[in-house]
Structure formats: C-alpha cells, structure tokens
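A.B. asks: Here's a structure for you.
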Amino acid sequence: GHDAVHQELQAALPGGVLVANGKDIDGVRGRMLEDFAANEESIEELRACAATGRVCQAHAGYKGAENATGCADITDALAAFLIGAGERSYWGCSTDTGSDGAWYYDAWHRWNPEYDLPLGAPTANATKRRDLWTRAFASGTAVAFTATSNKGTIAWAAAN
C-alpha cells in the first residue's frame with residue numbers, strides 16, 4: 001500500500017515531483033536519501049539514484065563531524081555528496097536540536113559559507129583509483145574522498 005499511495009500521488013502531480021523517503025518507487029520522480037553520510041555506501045546510493053534521472057535529496061547530519069558540530073563542519077559529507085551528485089541532486093544538512101530527538105526548523109535554517117563558493121558543473125563523472133574518489137568542477141573546484149577513512153577534501157576555486 002505504501003508504494004501504491006506514492007504512485008497515485010505522483011500520478012496526480014503531472015509534471016511535478018513527489019519525493020519518496022528512503023527508497024526508489026517505480027513511477028515516483030524523487031527520492032530522499034535520509035541518512036546520507038560521509039561514506040562510500042552513500043556515494044554509491046546517490047550515484048545510483050542520479051543515474052535514474054530522479055530528483056535525489058541527500059540529507060546529511062546524522063553521523064560524523066556534521067552531526068557533532070550541528071552542520072558547521074560539513075566537509076566530509078559534502079565532499080561525498082559532490083562525488084556522487086547528478087544533475088538533479090540536492091544537498092541538505094540538519095541535526096535534531098532537541099533532547100527529544102525531534103527535527104526543528106532552526107536545524108534546517110543554517111547557511112554554511114561553502115554554499116557561496118564557486119562550483120560550476122562537473123567536468124566529468126567521479127573516478128575512483130584504489131580507495132580515492134576524485135571529481136573536478138568547471139569553476140576549478142576539485143573534490144577528493146578517501147573511502148577507507150571516510151574523509152573528504154574540497155579545494156574551492158577562487159571566488160571572482
């Protein structure tokens with residue numbers, strides 16, 4: 001029934017996008033990767049989602065440095081996202097802000113300085129050599145992600 005409801009809702013939105021949380025559903029044009037993290041599993045899951053042409057929302061904030069810092073330190077998870085992202089991929093980072101574990105608006109309201117840096121379109125798909133993923137962007141920004149340590153680097157191009 002869950003999949004059928006999503007399919008019916010998507011059909012009722014001609015030209016629109018319904019986002020299913022956590023799984024691919026035939027006929028549904030979007031998917032949220034709710035627990036996106038700085039790891040190779042998340043990179044591969046995002047790459048697979050992007051390959052379908054769906055809208056792919058990557059939601060980070062549950063694990064790693066981004067969780068421990070309230071999404072202030074997003075380098076590792078954002079690098080993983082940039083390695084796996086496709087044309088219709090979108091990023092968000094939030095953590096729960098209450099002792100009850102609930103999500104609040106303030107957790108989504110953070111604007112990180114990285115969001116204002118130049119990126120541009122990717123020059124090609126990411127490549128992997130041994131445990132190192134790399135990808136370059138039109139602005140000159142270069143991203144690397146080491147799968148064995150789950151650490152990423154982003155060498156941002158100079159802003160004009």
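Within each chain, counting starts at residue 1; across the structure tokens, chains are named A, B, ... in the order shown, with ligands numbered 1 upward in that order.
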Which of segment 29-60 of chain A counts as strand (DSSP E) under DSSP, as a PyMOL selection string please?
C.D. replies: chain A and resi 30-33+55-60
A.B. asks: What would the file look like if the residues just selected were written as a PDB file, in the first residue's frame with N, CA and C atoms?
C.D. replies:
ATOM      1  N   GLY A  30      11.115  11.373  -7.369  1.00  0.00           N
ATOM      2  CA  GLY A  30      12.121  11.848  -6.436  1.00  0.00           C
ATOM      3  C   GLY A  30      12.379  10.871  -5.312  1.00  0.00           C
ATOM      4  N   ARG A  31      13.568  11.003  -4.732  1.00  0.00           N
ATOM      5  CA  ARG A  31      13.935  10.144  -3.607  1.00  0.00           C
ATOM      6  C   ARG A  31      14.789  10.932  -2.630  1.00  0.00           C
ATOM      7  N   MET A  32      14.491  10.790  -1.341  1.00  0.00           N
ATOM      8  CA  MET A  32      15.348  11.367  -0.317  1.00  0.00           C
ATOM      9  C   MET A  32      16.234  10.276   0.253  1.00  0.00           C
ATOM     10  N   LEU A  33      17.514  10.560   0.308  1.00  0.00           N
ATOM     11  CA  LEU A  33      18.473   9.689   0.968  1.00  0.00           C
ATOM     12  C   LEU A  33      18.617  10.249   2.381  1.00  0.00           C
ATOM     13  N   VAL A  55      14.973  13.203  -9.060  1.00  0.00           N
ATOM     14  CA  VAL A  55      15.449  14.181  -8.106  1.00  0.00           C
ATOM     15  C   VAL A  55      15.960  13.385  -6.907  1.00  0.00           C
ATOM     16  N   CYS A  56      17.161  13.701  -6.460  1.00  0.00           N
ATOM     17  CA  CYS A  56      17.778  12.991  -5.344  1.00  0.00           C
ATOM     18  C   CYS A  56      18.123  14.007  -4.259  1.00  0.00           C
ATOM     19  N   GLN A  57      17.465  13.924  -3.127  1.00  0.00           N
ATOM     20  CA  GLN A  57      17.744  14.803  -1.999  1.00  0.00           C
ATOM     21  C   GLN A  57      18.609  14.048  -1.004  1.00  0.00           C
ATOM     22  N   ALA A  58      19.811  14.543  -0.785  1.00  0.00           N
ATOM     23  CA  ALA A  58      20.719  13.934   0.180  1.00  0.00           C
ATOM     24  C   ALA A  58      20.625  14.711   1.485  1.00  0.00           C
ATOM     25  N   HIS A  59      20.174  14.046   2.540  1.00  0.00           N
ATOM     26  CA  HIS A  59      20.029  14.683   3.851  1.00  0.00           C
ATOM     27  C   HIS A  59      21.118  14.158   4.773  1.00  0.00           C
ATOM     28  N   ALA A  60      22.088  15.021   5.058  1.00  0.00           N
ATOM     29  CA  ALA A  60      23.172  14.676   5.971  1.00  0.00           C
ATOM     30  C   ALA A  60      22.884  15.280   7.340  1.00  0.00           C
TER      31      ALA A  60
END
A.B. asks: One decimal, Å: what's the distance from atom CA of Ala20 of chain A over to atom CA of Asp76 of chain A, could you say?
C.D. replies: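 Computed distance, atom CA of Ala20 of chain A to atom CA of Asp76 of chain A, equals 25.2 Å.
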A.B. asks: Counting only C-alpha atoms, figure out which residue out of A:Asp73, A:Glu87, A:Glu45, A:Asp24 gets nearest to Gly120 of chain A.
C.D. replies: A:Glu87
A.B. asks: Measuring between only C-alpha atoms, which one of A:Asn67, A:Thr134, A:Thr95, A:Asn39 shows the shortest distance to Ser149 of chain A?
C.D. replies: A:Asn39
A.B. asks: As an MDAnalysis selection string, which residues of chain A does DSSP assign to helix (DSSP H, G or I)?
C.D. replies: chainID A and resid 2:11 40:51 64:68 75:84 105:108 113:116
A.B. asks: Once you have the residues from the selection above, write them out as a PDB file, in the first residue's frame, restricted to C-alpha atoms.
C.D. replies:
ATOM      1  CA  HIS A   2       2.835   2.428   0.772  1.00  0.00           C
ATOM      2  CA  ASP A   3       4.271   2.259  -2.746  1.00  0.00           C
ATOM      3  CA  ALA A   4       0.796   2.439  -4.323  1.00  0.00           C
ATOM      4  CA  VAL A   5      -0.050   5.634  -2.416  1.00  0.00           C
ATOM      5  CA  HIS A   6       3.177   7.250  -3.607  1.00  0.00           C
ATOM      6  CA  GLN A   7       2.479   6.170  -7.181  1.00  0.00           C
ATOM      7  CA  GLU A   8      -1.068   7.565  -7.035  1.00  0.00           C
ATOM      8  CA  LEU A   9       0.141  10.864  -5.600  1.00  0.00           C
ATOM      9  CA  GLN A  10       2.855  11.158  -8.252  1.00  0.00           C
ATOM     10  CA  ALA A  11       0.282  10.469 -10.986  1.00  0.00           C
ATOM     11  CA  GLU A  40      31.232   5.060   0.097  1.00  0.00           C
ATOM     12  CA  GLU A  41      27.829   3.444   0.602  1.00  0.00           C
ATOM     13  CA  SER A  42      26.172   6.866   0.484  1.00  0.00           C
ATOM     14  CA  ILE A  43      28.225   7.863  -2.582  1.00  0.00           C
ATOM     15  CA  GLU A  44      27.125   4.724  -4.433  1.00  0.00           C
ATOM     16  CA  GLU A  45      23.497   5.148  -3.355  1.00  0.00           C
ATOM     17  CA  LEU A  46      23.489   8.756  -4.608  1.00  0.00           C
ATOM     18  CA  ARG A  47      25.161   7.768  -7.883  1.00  0.00           C
ATOM     19  CA  ALA A  48      22.541   5.053  -8.421  1.00  0.00           C
ATOM     20  CA  CYS A  49      19.705   7.484  -7.684  1.00  0.00           C
ATOM     21  CA  ALA A  50      21.166  10.127 -10.015  1.00  0.00           C
ATOM     22  CA  ALA A  51      21.568   7.555 -12.792  1.00  0.00           C
ATOM     23  CA  GLY A  64      30.226  12.224  11.628  1.00  0.00           C
ATOM     24  CA  ALA A  65      31.575  15.740  12.021  1.00  0.00           C
ATOM     25  CA  GLU A  66      28.466  17.379  10.593  1.00  0.00           C
ATOM     26  CA  ASN A  67      26.371  15.852  13.375  1.00  0.00           C
ATOM     27  CA  ALA A  68      28.867  16.635  16.129  1.00  0.00           C
ATOM     28  CA  THR A  75      33.482  18.950   4.596  1.00  0.00           C
ATOM     29  CA  ASP A  76      33.494  15.141   4.677  1.00  0.00           C
ATOM     30  CA  ALA A  77      29.781  14.682   3.962  1.00  0.00           C
ATOM     31  CA  LEU A  78      29.661  17.483   1.370  1.00  0.00           C
ATOM     32  CA  ALA A  79      32.696  16.014  -0.411  1.00  0.00           C
ATOM     33  CA  ALA A  80      30.927  12.627  -0.540  1.00  0.00           C
ATOM     34  CA  PHE A  81      27.825  14.357  -1.933  1.00  0.00           C
ATOM     35  CA  LEU A  82      29.810  16.202  -4.618  1.00  0.00           C
ATOM     36  CA  ILE A  83      31.484  12.947  -5.672  1.00  0.00           C
ATOM     37  CA  GLY A  84      28.135  11.194  -6.157  1.00  0.00           C
ATOM     38  CA  TYR A 105      13.071  24.476  11.627  1.00  0.00           C
ATOM     39  CA  ASP A 106      16.228  26.027  13.079  1.00  0.00           C
ATOM     40  CA  ALA A 107      18.155  22.879  12.228  1.00  0.00           C
ATOM     41  CA  TRP A 108      17.452  23.461   8.508  1.00  0.00           C
ATOM     42  CA  PRO A 113      29.841  29.530   3.895  1.00  0.00           C
ATOM     43  CA  GLU A 114      30.551  26.699   1.432  1.00  0.00           C
ATOM     44  CA  TYR A 115      27.194  27.426  -0.227  1.00  0.00           C
ATOM     45  CA  ASP A 116      28.530  30.754  -1.515  1.00  0.00           C
TER      46      ASP A 116
END
A.B. asks: Do you have the atom CA of Asp26 of chain A-atom CA of Gly1 of chain A distance handy?
C.D. replies: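 Taking atom CA of Asp26 of chain A as the start and atom CA of Gly1 of chain A as the end point, the length is 13.2 Å.
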A.B. asks: Pick out the residues sitting within 9 Å of Arg110 of chain A, and hand them over as a PyMOL selection string; count only C-alpha atoms, and ignore anything fewer than 4 positions along from it in its own chain.
C.D. replies: chain A and resi 70-72+93-94+106
A.B. asks: With only C-alpha atoms as the counted atoms, please give the residues lying no more than 8 Å from Pro122 of chain A, apart from itself and same-chain residues fewer than 4 positions off, as a PyMOL selection string.
C.D. replies: chain A and resi 135-138
A.B. asks: Please produce a file of the residues just selected, as a compact mmCIF listing (two decimals), in the first residue's frame, where the atoms kept are N, CA and C atoms.
C.D. replies:
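The new file result.txt reads:
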# COMPACT_ATOMS: atom_id res chain seq x y z
N ARG A 135 36.87 14.22 -8.29
CA ARG A 135 35.99 14.85 -9.26
C ARG A 135 36.36 16.33 -9.37
N ALA A 136 36.31 16.85 -10.59
CA ALA A 136 36.61 18.25 -10.84
C ALA A 136 35.35 18.96 -11.34
N PHE A 137 35.31 20.26 -11.10
CA PHE A 137 34.16 21.08 -11.50
C PHE A 137 34.64 22.24 -12.36
N ALA A 138 33.72 22.79 -13.15
CA ALA A 138 34.05 23.82 -14.13
C ALA A 138 34.71 25.05 -13.52
